[in-house]
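> Just so it is clear, I am handing over final29.cif, which has mmCIF, C-alpha atoms.
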```cif
data_final
#
loop_
_atom_site.label_atom_id
_atom_site.label_comp_id
_atom_site.auth_asym_id
_atom_site.auth_seq_id
_atom_site.Cartn_x
_atom_site.Cartn_y
_atom_site.Cartn_z
CA MET A 1 6.40 124.69 80.27
CA ASN A 2 8.03 128.08 80.13
CA LEU A 3 5.81 130.65 78.47
CA ARG A 4 7.81 133.73 77.60
CA ARG A 5 6.64 136.85 75.87
CA ALA A 6 8.62 137.78 72.80
CA ILE A 7 10.62 140.95 72.37
CA PRO A 8 9.29 141.95 68.97
CA TYR A 9 11.40 144.22 66.83
CA LEU A 10 8.36 145.72 65.16
CA CYS A 11 5.02 145.41 66.92
CA PRO A 12 3.21 143.42 69.64
CA LEU A 13 0.69 140.65 69.29
CA ALA A 14 -2.19 141.84 67.15
CA LEU A 15 -5.84 141.03 66.83
CA LEU A 16 -6.96 138.46 64.27
CA ALA A 17 -6.48 139.91 60.80
CA ALA A 18 -9.51 139.79 58.59
CA CYS A 19 -10.30 140.80 55.04
CA THR A 20 -9.29 144.43 54.56
CA ASP A 21 -9.42 144.64 50.80
CA GLU A 22 -13.09 145.58 50.46
CA GLN A 23 -12.26 148.83 48.64
CA ARG A 24 -13.12 146.62 45.70
CA SER A 25 -16.82 146.69 45.00
CA ASP A 26 -17.33 143.10 46.23
CA ALA A 27 -19.79 142.66 43.42
CA GLY A 28 -19.81 140.67 40.22
CA THR A 29 -17.98 137.48 39.45
CA GLY A 30 -14.54 138.54 38.30
CA GLY A 31 -11.30 138.00 40.11
CA GLY A 32 -10.44 136.97 43.63
CA THR A 33 -10.63 139.08 46.74
CA GLY A 34 -7.86 140.41 48.88
CA THR A 35 -8.71 137.73 51.42
CA SER A 36 -7.62 134.85 49.29
CA ALA A 37 -4.56 133.13 50.61
CA SER A 38 -1.28 131.67 49.53
CA ASN A 39 -0.89 127.97 49.78
CA GLY A 40 1.89 125.59 48.96
CA SER A 41 4.33 123.19 50.43
CA THR A 42 8.05 122.86 50.23
CA SER A 43 10.48 120.02 50.81
CA ALA A 44 11.97 121.91 53.74
CA VAL A 45 8.67 121.90 55.58
CA THR A 46 8.07 119.06 57.99
CA GLY A 47 5.11 117.76 59.82
CA THR A 48 2.31 120.30 59.53
CA SER A 49 1.09 120.50 55.96
CA ALA A 50 -1.86 118.18 55.30
CA ALA A 51 -4.15 117.90 52.33
CA SER A 52 -7.60 119.34 52.63
CA GLY A 53 -9.81 116.44 53.48
CA GLY A 54 -13.05 115.17 54.87
CA THR A 55 -14.30 115.43 58.39
CA GLY A 56 -14.79 111.84 59.33
CA GLY A 57 -12.55 109.01 60.45
CA GLY A 58 -9.09 108.60 59.02
CA GLY A 59 -5.72 108.82 60.65
CA GLY A 60 -5.31 105.25 61.74
CA SER A 61 -6.26 103.44 64.90
CA GLY A 62 -4.79 104.02 68.32
CA SER A 63 -2.00 101.71 69.31
CA SER A 64 -0.76 102.92 72.65
CA GLY A 65 -1.89 104.06 76.04
CA SER A 66 -2.64 107.60 77.10
CA THR A 67 0.98 108.36 77.86
CA GLY A 68 1.95 108.11 74.20
CA GLY A 69 4.34 105.98 72.27
CA SER A 70 3.78 103.95 69.18
CA GLY A 71 3.87 100.54 70.73
CA GLY A 72 2.14 100.85 74.08
CA SER A 73 2.57 98.35 76.89
CA GLY A 74 0.85 95.10 77.58
CA ASP A 75 -0.65 96.56 80.77
CA VAL A 76 -2.35 99.54 79.13
CA PRO A 77 -5.14 98.92 76.64
CA PRO A 78 -4.88 100.95 73.43
CA ARG A 79 -7.11 103.97 73.15
CA GLU A 80 -9.45 104.28 70.24
CA PRO A 81 -9.03 107.27 67.93
CA GLU A 82 -11.47 110.07 68.60
CA GLU A 83 -12.91 112.98 66.67
CA VAL A 84 -13.96 115.62 69.16
CA PRO A 85 -16.30 118.50 68.24
CA VAL A 86 -15.13 121.83 69.67
CA LEU A 87 -17.46 124.27 67.86
CA GLU A 88 -20.48 123.14 65.87
CA ASP A 89 -22.39 125.09 63.20
CA ILE A 90 -21.53 128.56 64.46
CA THR A 91 -23.08 131.34 62.37
CA PHE A 92 -20.79 134.19 61.35
CA TYR A 93 -22.06 137.63 60.37
CA ASP A 94 -21.05 140.75 58.44
CA GLY A 95 -17.48 141.48 59.50
CA TYR A 96 -17.90 145.22 59.06
CA ALA A 97 -21.15 145.55 60.99
CA GLU A 98 -21.78 146.09 64.69
CA THR A 99 -21.55 142.84 66.63
CA VAL A 100 -24.88 141.06 66.50
CA ASP A 101 -26.87 139.92 69.52
CA GLU A 102 -27.96 136.61 68.07
CA PRO A 103 -28.15 133.35 70.05
CA ILE A 104 -24.91 131.42 70.39
CA PRO A 105 -24.36 127.97 71.92
CA ALA A 106 -23.63 127.70 75.64
CA GLY A 107 -19.93 127.95 76.39
CA VAL A 108 -19.18 129.96 73.24
CA ILE A 109 -18.38 133.67 73.26
CA ARG A 110 -18.60 136.01 70.29
CA HIS A 111 -15.73 138.50 70.27
CA ASN A 112 -17.12 140.07 67.11
CA ASN A 113 -19.09 138.99 64.06
CA SER A 114 -16.09 137.16 62.59
CA LEU A 115 -14.43 135.68 65.70
CA VAL A 116 -15.81 133.26 68.29
CA ALA A 117 -14.12 131.25 71.04
CA THR A 118 -14.73 128.43 73.48
CA ARG A 119 -12.77 127.15 76.48
CA LEU A 120 -11.39 123.63 76.27
CA THR A 121 -12.91 121.73 79.16
CA ASP A 122 -10.98 119.25 81.27
CA GLU A 123 -13.07 116.50 79.69
CA LEU A 124 -12.08 117.56 76.19
CA LEU A 125 -8.41 117.98 77.10
CA ALA A 126 -8.41 114.47 78.56
CA LYS A 127 -9.44 113.13 75.17
CA VAL A 128 -6.29 114.48 73.49
CA GLN A 129 -3.86 111.61 72.92
CA THR A 130 -0.39 111.85 71.36
CA THR A 131 -1.25 113.07 67.87
CA LEU A 132 -3.63 115.77 66.76
CA LYS A 133 -5.31 116.98 63.59
CA VAL A 134 -7.36 120.16 63.38
CA ARG A 135 -10.41 120.06 61.14
CA VAL A 136 -12.68 122.90 60.02
CA VAL A 137 -15.90 122.68 58.04
CA VAL A 138 -17.29 125.87 56.47
CA GLY A 139 -20.90 126.04 55.31
CA ALA A 140 -22.37 128.43 52.75
CA LEU A 141 -24.68 131.23 53.86
CA CYS A 142 -24.93 134.75 52.43
CA ASP A 143 -21.35 135.48 51.37
CA ASN A 144 -20.48 134.20 47.92
CA TYR A 145 -16.87 135.42 47.81
CA ASP A 146 -13.57 133.88 48.96
CA ARG A 147 -12.63 134.94 52.50
CA LEU A 148 -9.87 134.38 55.01
CA GLY A 149 -10.37 132.20 58.09
CA SER A 150 -8.24 131.19 61.05
CA VAL A 151 -8.00 128.88 64.04
CA ASN A 152 -6.15 130.30 67.04
CA LEU A 153 -5.24 129.05 70.50
CA ALA A 154 -5.54 131.61 73.30
CA LEU A 155 -3.89 131.22 76.71
CA VAL A 156 -6.33 132.90 79.09
CA PRO A 157 -5.88 133.44 82.85
CA LYS A 158 -7.30 130.51 84.79
CA GLY A 159 -10.99 130.81 85.55
CA ALA A 160 -11.71 133.85 83.36
CA GLN A 161 -15.17 133.78 81.83
CA THR A 162 -14.12 135.95 78.89
CA TYR A 163 -11.08 137.83 77.64
CA VAL A 164 -9.89 140.49 75.21
CA PRO A 165 -7.98 138.79 72.38
CA GLY A 166 -5.29 141.45 72.14
CA GLU A 167 -4.54 141.24 75.87
CA VAL A 168 -3.62 137.55 76.13
CA ASP A 169 -1.03 135.32 74.48
CA ARG A 170 -2.41 133.71 71.32
CA ILE A 171 -0.95 131.61 68.54
CA GLU A 172 -2.41 131.00 65.09
CA ILE A 173 -2.53 127.28 64.41
CA ALA A 174 -4.39 127.13 61.09
CA ARG A 175 -5.43 129.45 58.25
CA PHE A 176 -7.70 128.83 55.28
CA VAL A 177 -9.55 130.55 52.47
CA THR A 178 -13.21 129.92 51.75
CA PRO A 179 -14.46 129.17 48.23
CA PHE A 180 -16.92 131.18 46.18
CA MET A 181 -20.11 129.49 47.39
CA ASP A 182 -23.78 129.79 46.44
CA MET A 183 -25.81 128.53 49.38
CA ASN A 184 -28.45 127.12 47.01
CA LYS A 185 -26.03 124.75 45.26
CA GLN A 186 -24.24 121.55 46.26
CA PRO A 187 -21.81 121.03 47.86
CA LYS A 188 -22.81 123.47 50.58
CA THR A 189 -19.82 122.73 52.82
CA VAL A 190 -16.05 122.58 52.39
CA PRO A 191 -13.69 120.66 54.73
CA TYR A 192 -10.13 121.52 55.76
CA GLU A 193 -7.53 119.59 57.73
CA TRP A 194 -4.11 120.32 59.26
CA GLU A 195 -1.58 118.14 61.05
CA ALA A 196 -1.14 119.79 64.47
CA SER A 197 0.54 117.25 66.76
CA ASN A 198 2.98 119.95 67.88
CA LEU A 199 0.08 121.33 69.95
CA VAL A 200 -0.07 118.23 72.15
CA PRO A 201 2.83 119.24 74.47
CA ILE A 202 1.15 122.65 74.89
CA LEU A 203 -2.29 121.26 75.69
CA LYS A 204 -0.84 118.67 78.11
CA ASP A 205 1.67 120.90 79.91
CA PRO A 206 0.93 121.00 83.69
CA ASP A 207 2.64 124.35 84.26
CA LEU A 208 0.61 126.07 81.55
CA LEU A 209 -2.58 124.36 82.74
CA ALA A 210 -1.96 125.57 86.29
CA GLU A 211 -2.05 129.20 85.20
CA HIS A 212 -4.13 129.23 82.02
CA ASP A 213 -7.26 127.94 80.40
CA PHE A 214 -6.95 127.11 76.71
CA TRP A 215 -9.52 128.67 74.41
CA PHE A 216 -9.90 127.74 70.76
CA GLU A 217 -10.86 130.60 68.47
CA LEU A 218 -12.47 130.21 65.06
CA GLY A 219 -12.49 133.25 62.82
CA ILE A 220 -14.16 133.59 59.43
CA PHE A 221 -14.46 137.05 57.92
CA GLY A 222 -17.32 137.66 55.56
CA VAL A 223 -19.62 140.31 54.10
CA PRO A 224 -23.05 139.70 52.55
CA TYR A 225 -23.33 142.69 50.22
CA ALA A 226 -22.83 140.92 46.89
CA ALA A 227 -24.89 137.90 47.94
CA ASN A 228 -27.74 140.18 49.00
CA ASP A 229 -28.21 140.94 45.30
CA GLU A 230 -26.83 137.83 43.60
CA VAL A 231 -27.94 134.84 45.69
CA PRO A 232 -31.64 133.93 45.92
CA GLY A 233 -32.78 133.97 49.52
CA CYS A 234 -30.05 136.36 50.74
CA ALA A 235 -31.81 139.71 50.30
CA GLY A 236 -31.61 141.69 53.53
CA ARG A 237 -29.56 139.07 55.39
CA ASN A 238 -26.25 139.59 57.21
CA ASP A 239 -25.25 135.99 58.02
CA THR A 240 -22.20 135.02 55.99
CA GLN A 241 -20.92 131.50 56.80
CA LEU A 242 -21.37 128.53 59.09
CA GLY A 243 -18.26 127.20 60.82
CA SER A 244 -17.40 124.06 62.76
CA LEU A 245 -14.13 123.10 64.46
CA LEU A 246 -13.15 119.52 65.32
CA LEU A 247 -10.08 117.74 66.67
CA TYR A 248 -8.98 114.29 65.56
CA THR A 249 -6.62 112.51 67.94
CA ASP A 250 -5.03 109.09 68.26
CA SER A 251 -1.94 107.40 69.73
CA THR A 252 -0.23 106.08 66.62
CA GLN A 253 2.96 108.04 67.32
CA GLU A 254 4.82 109.26 70.36
CA ALA A 255 3.96 112.72 71.59
CA GLN A 256 6.33 115.50 70.63
CA ASP A 257 8.50 116.89 73.43
CA PHE A 258 8.67 120.66 73.91
CA SER A 259 8.86 122.61 77.17
CA VAL A 260 9.12 126.23 76.00
CA LEU A 261 6.53 128.24 74.08
CA LEU A 262 7.19 131.74 72.78
CA PRO A 263 4.29 133.47 70.97
CA LEU A 264 5.93 136.01 68.67
CA ALA A 265 3.31 137.31 66.23
CA ILE A 266 -0.28 136.65 65.23
CA SER A 267 -1.57 137.92 61.89
CA GLU A 268 0.68 140.97 61.93
CA GLU A 269 0.79 143.20 58.87
CA PHE A 270 3.73 142.55 56.56
CA ASN A 271 4.21 144.79 53.53
CA ASN A 272 6.58 147.42 52.17
CA TYR A 273 4.46 150.57 52.34
CA ALA A 274 2.96 150.88 55.84
CA THR A 275 5.05 152.19 58.72
CA GLY A 276 5.76 149.33 61.13
CA ALA A 277 4.77 146.59 58.68
CA SER A 278 8.42 145.85 57.82
CA ASP A 279 11.86 146.84 59.01
CA LYS A 280 11.58 149.99 56.94
CA VAL A 281 9.24 151.38 54.32
CA GLY A 282 10.28 150.27 50.85
CA THR A 283 11.42 146.78 51.88
CA THR A 284 9.46 143.58 52.48
CA ARG A 285 11.75 142.34 55.23
CA LYS A 286 10.53 141.74 58.76
CA THR A 287 12.77 141.11 61.79
CA VAL A 288 11.63 139.67 65.11
CA SER A 289 14.06 139.44 68.03
CA PHE A 290 13.32 137.07 70.89
CA GLU A 291 14.96 135.50 73.91
CA LEU A 292 15.35 131.80 74.70
CA PRO A 293 15.17 131.33 78.49
CA ALA A 294 17.71 128.46 78.51
CA ASP A 295 19.89 126.37 76.25
CA THR A 296 17.76 124.05 74.13
CA GLN A 297 18.48 120.66 72.60
CA ASN A 298 15.89 121.18 69.91
CA ALA A 299 13.82 124.14 68.76
CA GLN A 300 11.49 124.87 65.90
CA LEU A 301 9.64 127.88 64.54
CA VAL A 302 6.03 127.62 63.40
CA LEU A 303 5.21 130.06 60.59
CA ILE A 304 2.07 131.03 58.67
CA THR A 305 2.05 133.54 55.81
CA SER A 306 -0.36 134.24 52.97
CA ASN A 307 -0.17 136.76 50.14
CA HIS A 308 -3.04 139.15 49.41
CA GLY A 309 -3.73 142.01 47.01
CA ALA A 310 -6.54 141.75 44.48
CA ASN A 311 -5.71 144.88 42.50
CA GLN A 312 -4.16 144.70 39.02
CA GLY A 313 -0.77 143.06 39.50
CA GLY A 314 -1.59 142.43 43.16
CA GLU A 315 0.58 140.22 45.32
CA GLU A 316 -1.88 137.36 45.44
CA TYR A 317 -1.45 136.89 41.69
CA VAL A 318 2.38 136.78 41.54
CA ARG A 319 4.39 133.97 43.08
CA ARG A 320 7.41 135.21 45.02
CA ASP A 321 10.32 133.50 46.73
CA HIS A 322 10.12 133.80 50.53
CA TYR A 323 13.33 133.52 52.58
CA VAL A 324 13.49 132.75 56.30
CA TYR A 325 16.67 133.37 58.30
CA VAL A 326 17.47 132.46 61.90
CA ASP A 327 20.46 134.24 63.39
CA GLY A 328 21.59 135.18 59.90
CA GLU A 329 21.47 131.65 58.47
CA LEU A 330 18.98 130.66 55.76
CA ALA A 331 16.53 128.24 57.42
CA LEU A 332 13.78 127.96 54.79
CA GLN A 333 13.05 129.09 51.24
CA TYR A 334 9.57 128.65 49.78
CA LYS A 335 7.30 129.91 47.04
CA PRO A 336 3.56 129.72 47.86
CA GLY A 337 1.15 128.16 45.43
CA ARG A 338 -0.32 124.78 44.61
CA THR A 339 0.48 122.73 41.52
CA SER A 340 -3.20 123.07 40.62
CA CYS A 341 -6.40 124.46 42.12
CA GLU A 342 -8.61 122.06 40.16
CA PRO A 343 -9.23 119.76 43.17
CA PHE A 344 -11.14 122.64 44.78
CA ARG A 345 -13.25 123.62 41.76
CA LYS A 346 -16.19 121.54 43.05
CA TYR A 347 -16.51 123.74 46.13
CA ASN A 348 -16.64 126.96 44.11
CA THR A 349 -20.33 126.87 43.25
CA GLN A 350 -20.61 130.62 42.63
CA ALA A 351 -19.34 131.68 39.19
CA ASN A 352 -16.07 133.59 39.52
CA GLY A 353 -13.09 134.79 37.56
CA ILE A 354 -10.58 132.57 39.33
CA TYR A 355 -11.92 129.24 38.09
CA GLY A 356 -13.71 130.38 34.96
CA THR A 357 -15.96 128.02 33.03
CA SER A 358 -13.44 125.31 32.12
CA PRO A 359 -10.46 123.57 33.78
CA ARG A 360 -7.06 125.25 33.68
CA SER A 361 -3.76 123.50 33.08
CA ASP A 362 -1.17 123.22 35.82
CA ASN A 363 0.94 125.82 34.02
CA GLU A 364 -1.98 128.24 33.95
CA TRP A 365 -2.59 127.85 37.68
CA GLN A 366 1.08 128.29 38.44
CA SER A 367 1.26 131.45 36.36
CA PHE A 368 -0.85 133.47 38.79
CA SER A 369 -2.23 131.48 41.72
CA ASN A 370 -0.80 131.94 45.22
CA TRP A 371 -3.86 130.25 46.73
CA CYS A 372 -6.91 128.16 45.93
CA PRO A 373 -10.36 129.26 47.12
CA GLY A 374 -11.52 126.36 49.25
CA ASP A 375 -8.04 125.22 50.33
CA ARG A 376 -6.06 125.42 53.55
CA ILE A 377 -2.93 127.52 53.93
CA ASP A 378 0.17 125.64 54.96
CA THR A 379 1.50 125.83 58.48
CA ARG A 380 5.26 125.66 58.02
CA ILE A 381 7.52 124.05 60.59
CA VAL A 382 11.01 125.57 60.37
CA PRO A 383 13.54 123.22 62.04
CA TRP A 384 16.13 125.04 64.13
CA GLY A 385 17.83 122.45 66.31
CA ALA A 386 20.08 123.18 69.27
CA ALA A 387 20.34 126.79 70.36
CA SER A 388 21.83 128.70 73.26
CA ALA A 389 20.04 130.79 75.85
CA GLY A 390 19.79 134.49 75.10
CA MET A 391 18.72 136.74 72.26
CA HIS A 392 18.06 135.44 68.76
CA GLU A 393 16.79 136.92 65.52
CA PHE A 394 14.20 135.73 63.02
CA VAL A 395 13.93 137.39 59.60
CA ILE A 396 11.45 136.83 56.78
CA ASP A 397 12.26 138.49 53.47
CA VAL A 398 10.23 138.65 50.24
CA PRO A 399 12.59 140.85 48.22
CA ASP A 400 10.62 140.85 44.94
CA ALA A 401 7.28 141.89 46.43
CA THR A 402 5.97 145.13 44.94
CA PHE A 403 2.49 145.87 46.45
CA VAL A 404 1.31 147.82 43.41
CA GLY A 405 -0.58 150.96 44.35
CA GLY A 406 0.17 150.51 48.04
CA GLU A 407 -2.32 147.65 48.27
CA GLY A 408 -2.06 144.14 49.64
CA ASN A 409 -0.58 142.45 52.68
CA ILE A 410 1.09 139.24 53.88
CA PRO A 411 -0.48 138.45 57.28
CA PHE A 412 2.31 136.95 59.36
CA SER A 413 2.11 134.61 62.37
CA LEU A 414 5.01 133.02 64.25
CA TYR A 415 5.79 131.14 67.45
CA VAL A 416 8.73 129.14 68.78
CA GLN A 417 8.77 125.77 70.54
CA ALA A 418 11.85 124.42 72.30
CA ARG A 419 12.94 121.83 74.81
#
```
How does the structure come out when it is put into structure tokens?

Amino acid sequence: MNLRRAIPYLCPLALLAACTDEQRSDAGTGGGTGTSASNGSTSAVTGTSAASGGTGGGGGSGSSGSTGGSGGSGDVPPREPEEVPVLEDITFYDGYAETVDEPIPAGVIRHNNSLVATRLTDELLAKVQTTLKVRVVVGALCDNYDRLGSVNLALVPKGAQTYVPGEVDRIEIARFVTPFMDMNKQPKTVPYEWEASNLVPILKDPDLLAEHDFWFELGIFGVPYAANDEVPGCAGRNDTQLGSLLLYTDSTQEAQDFSVLLPLAISEEFNNYATGASDKVGTTRKTVSFELPADTQNAQLVLITSNHGANQGGEEYVRRDHYVYVDGELALQYKPGRTSCEPFRKYNTQANGIYGTSPRSDNEWQSFSNWCPGDRIDTRIVPWGAASAGMHEFVIDVPDATFVGGEGNIPFSLYVQAR
């Protein structure tokens, strides 16, 4: 597989973005935080959006051999579906504090209090069949607010025992927002799931494997300050959440076929007031130029965005049309937001101003909600099709965004796959 660095118009690959809206007091039960995320699907999106679900079973039984396909051959016995643990019950700590020196499982590294990583072993990679789902389970500790989390894939030089995230190619493959959780109340965990079969050709590519190890990163930002006062048992503590990462794989469909990977952006800032966060200050339009190494029969862009801003009139409370252009042609139009956040009420065990004390109607949710605490954020596949070698241009535009008071952000991640 060809791995080519992008030629970004604005800025290079960035470190994992975490909650940066803590100028709010982070106390009390009103309102959401700036880390809450936009969610929503659109009819133009294909293949990656999956409902938040449980952590066991599901997905159908395997029906082909290890080389893929939906039918298999009579000579190759079908493989059973597998759910493979990658990270189990990792404790995350105060995202603003100095990195802790607490025990961590063998094979796991802690980049900072809100980001850990582990290398995918040959044994684990061999378990990956032709389809893939990514599953995350978050457990309540001493952060009772909604926070942003991410799963990333890092391509690290072969044999390295550690790495600096900002110095290697990384792609964001999943994003989620935690619920308001009281660790003393049930349920104490919340599950998330994403369809991620487009990762299979990356994880199985011999050229990439010859030069790189694959590391999965799990990031959950959190702070314990409100819980220290509000949640019994949290006084003086700085642990914020538990996190687990699992892969579900089977052979019910043929593996996708891509041979080029271009990481373009990972959780970059996107707003209209900060220099470098858009094409120019005053506009919420972001351009990324990149080069395809050869003509392609089929290409797609993989996009993650989420709207934040918890101030009065903030961007997380106002649904906006988002427009995606490729080489000047409209490729996708979407407006984040679920029909209703009620399915996630049960996970929000800490009283808060988002859910209130009684159910809201669909119209009420749609009047302000770009996200649901306790829900995943959609990974959007943007079909592109055939394209020629050479330079191309991606644009995302949110023309109605206002960012009242110079607050808020739309963390932006993007990569291209082609064959």
> Once the PyMOL selection byres ((chain A and resi 101) around 12) has been applied to the shown file, what residues remain in the selection, as JSON, numbers by chain?
{"A": [91, 92, 93, 97, 98, 99, 100, 102, 103, 104, 109, 110, 111, 112, 113]}
> I'd like the residues picked by the PyMOL selection byres ((chain A and resi 126-136) around 7) written out as a list in words, using the chain letters and numbers from the file.
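When the PyMOL selection byres ((chain A and resi 126-136) around 7) is applied to the shown file, the picked residues are Thr55, Ser66, Gly68, Asp122, Glu123, Leu124, Leu125, Val137, Val138, Pro191, Tyr192, Glu193, Trp194, Glu195, Ala196, Ser197, Val200, Ser244, Leu245, Leu246, Leu247, Tyr248, Thr249, Asp250, Ser251, Gln253, Glu254 and Ala255 of chain A.
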> Let's have the selection written as a CSV table (one decimal), keeping the file's coordinate frame, with C-alpha atoms.

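Generated file (part12.csv):
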```csv
chain,number,residue,atom,x,y,z
A,55,THR,CA,-14.3,115.4,58.4
A,66,SER,CA,-2.6,107.6,77.1
A,68,GLY,CA,2.0,108.1,74.2
A,122,ASP,CA,-11.0,119.2,81.3
A,123,GLU,CA,-13.1,116.5,79.7
A,124,LEU,CA,-12.1,117.6,76.2
A,125,LEU,CA,-8.4,118.0,77.1
A,137,VAL,CA,-15.9,122.7,58.0
A,138,VAL,CA,-17.3,125.9,56.5
A,191,PRO,CA,-13.7,120.7,54.7
A,192,TYR,CA,-10.1,121.5,55.8
A,193,GLU,CA,-7.5,119.6,57.7
A,194,TRP,CA,-4.1,120.3,59.3
A,195,GLU,CA,-1.6,118.1,61.0
A,196,ALA,CA,-1.1,119.8,64.5
A,197,SER,CA,0.5,117.2,66.8
A,200,VAL,CA,-0.1,118.2,72.2
A,244,SER,CA,-17.4,124.1,62.8
A,245,LEU,CA,-14.1,123.1,64.5
A,246,LEU,CA,-13.2,119.5,65.3
A,247,LEU,CA,-10.1,117.7,66.7
A,248,TYR,CA,-9.0,114.3,65.6
A,249,THR,CA,-6.6,112.5,67.9
A,250,ASP,CA,-5.0,109.1,68.3
A,251,SER,CA,-1.9,107.4,69.7
A,253,GLN,CA,3.0,108.0,67.3
A,254,GLU,CA,4.8,109.3,70.4
A,255,ALA,CA,4.0,112.7,71.6
```
> Pick out the closest residue to Ala274 in chain A from this set: A:Phe258, A:Tyr325, A:Phe403, A:Phe412. Count all atoms listed in the file.
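Smallest distance to Ala274 in chain A is found for A:Phe403.
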> Could you check how far CA of Ala265 in chain A sits from CA of Val108 in chain A, in Å to one decimal?
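Computing it gives 24.7 Å between the two atoms.
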> Hey, what comes out of the PyMOL selection byres ((chain A and resi 389) around 7) on this file? Could you write it as a count of residues only?
7
> Could you check the closest approach to Trp384 in chain A for each of A:Gly309, A:Cys372, A:Arg345, A:Leu301 and tell me which residue wins, using all atoms listed in the file?
A:Leu301
> Using Å and a single decimal, report how far CA of Ser267 in chain A sits from CA of Leu209 in chain A.
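That distance, rounded to one decimal, is 24.9 Å.
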> If I take CA of Glu172 in chain A and CA of Ser413 in chain A, how far is one from the other in Å, to one decimal?
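CA of Ser413 in chain A lies at a distance of 6.4 Å from CA of Glu172 in chain A.
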> What are the closest atom pairs, with distances in Å to one decimal, for all residues of range 167-259 of chain A lying within 6 Å of range 348-352 of chain A? Consider all atoms listed in the file, order rows by chain and residue number, and present the result as a tab-separated table.

```
residue	atom	partner	partner_atom	distance
A:Pro179	CA	A:Asn348	CA	5.2
A:Phe180	CA	A:Asn348	CA	4.7
A:Met181	CA	A:Thr349	CA	4.9
A:Asp182	CA	A:Gln350	CA	5.0
```
> Create the file for the chosen residues now, containing C-alpha atoms and written as a PDB file, in the coordinates of the input.

```
ATOM      1  CA  PRO A 179     -14.460 129.170  48.230  1.00  0.00           C
ATOM      2  CA  PHE A 180     -16.920 131.180  46.180  1.00  0.00           C
ATOM      3  CA  MET A 181     -20.110 129.490  47.390  1.00  0.00           C
ATOM      4  CA  ASP A 182     -23.780 129.790  46.440  1.00  0.00           C
TER       5      ASP A 182
END
```
> So which one's closest to Pro201 in chain A, A:Leu261, A:Met183, A:Glu407, A:Ser358? Using only C-alpha atoms, please.
A:Leu261
> Name the closest residue to Glu268 in chain A among the candidates A:Gly107, A:Gly166, A:Pro78, A:Gly374; distances are taken between atoms, counting all atoms listed in the file.
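Using all atoms listed in the file, Glu268 in chain A sits closest to A:Gly166.
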> Might you pull out every residue within 12 Å of Leu208 in chain A, with all atoms listed in the file counted and same-chain residues fewer than 6 positions away left off, and present them as JSON, numbers by chain?
{"A": [1, 2, 3, 4, 154, 155, 156, 157, 158, 169, 201, 202, 214, 259, 260, 261]}
> With distances taken over all atoms listed in the file, which residue among A:Thr121, A:Thr162, A:Ser150, A:Thr252 lies nearest Arg79 in chain A?
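Nearest to Arg79 in chain A: A:Thr252.
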> Out of A:Pro85, A:Gly219, A:Ala160, A:Asn409, which residue has the shortest atom-to-atom distance to Tyr273 in chain A when counting only C-alpha atoms?
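Among the listed residues, A:Asn409 lies closest to Tyr273 in chain A.
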> Would you compute the box with edges along x, y and z of the file around range 119-135 of chain A, including every atom the file lists for it and 6 Å extra on each side, and give its centre and edge lengths in Å to one decimal, as JSON?

```
{"center_x": -6.7, "center_y": 119.4, "center_z": 71.2, "size_x": 24.7, "size_y": 27.5, "size_z": 32.1}
```
> Which residues, written as a list in words, have at least one atom at most 9 Å from Glu342 in chain A, with all atoms listed in the file counted and residues fewer than 5 positions away on the same chain left out?
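Non-adjacent residues within range: Tyr355, Pro359, Arg360, Ser361, Asp362, Trp365 and Cys372 of chain A.
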> Just want the 7 Å neighbourhood of Phe394 in chain A, counted on only C-alpha atoms, with same-chain residues fewer than 2 positions away dropped. Output as a PyMOL selection string.
chain A and resi 287-289+325-327+392+396
> Include C-alpha atoms and write out the residues we just selected as a PDB file, in the coordinates of the input.

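Generated file (again05.pdb):
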```
ATOM      1  CA  THR A 287      12.770 141.110  61.790  1.00  0.00           C
ATOM      2  CA  VAL A 288      11.630 139.670  65.110  1.00  0.00           C
ATOM      3  CA  SER A 289      14.060 139.440  68.030  1.00  0.00           C
ATOM      4  CA  TYR A 325      16.670 133.370  58.300  1.00  0.00           C
ATOM      5  CA  VAL A 326      17.470 132.460  61.900  1.00  0.00           C
ATOM      6  CA  ASP A 327      20.460 134.240  63.390  1.00  0.00           C
ATOM      7  CA  HIS A 392      18.060 135.440  68.760  1.00  0.00           C
ATOM      8  CA  ILE A 396      11.450 136.830  56.780  1.00  0.00           C
TER       9      ILE A 396
END
```
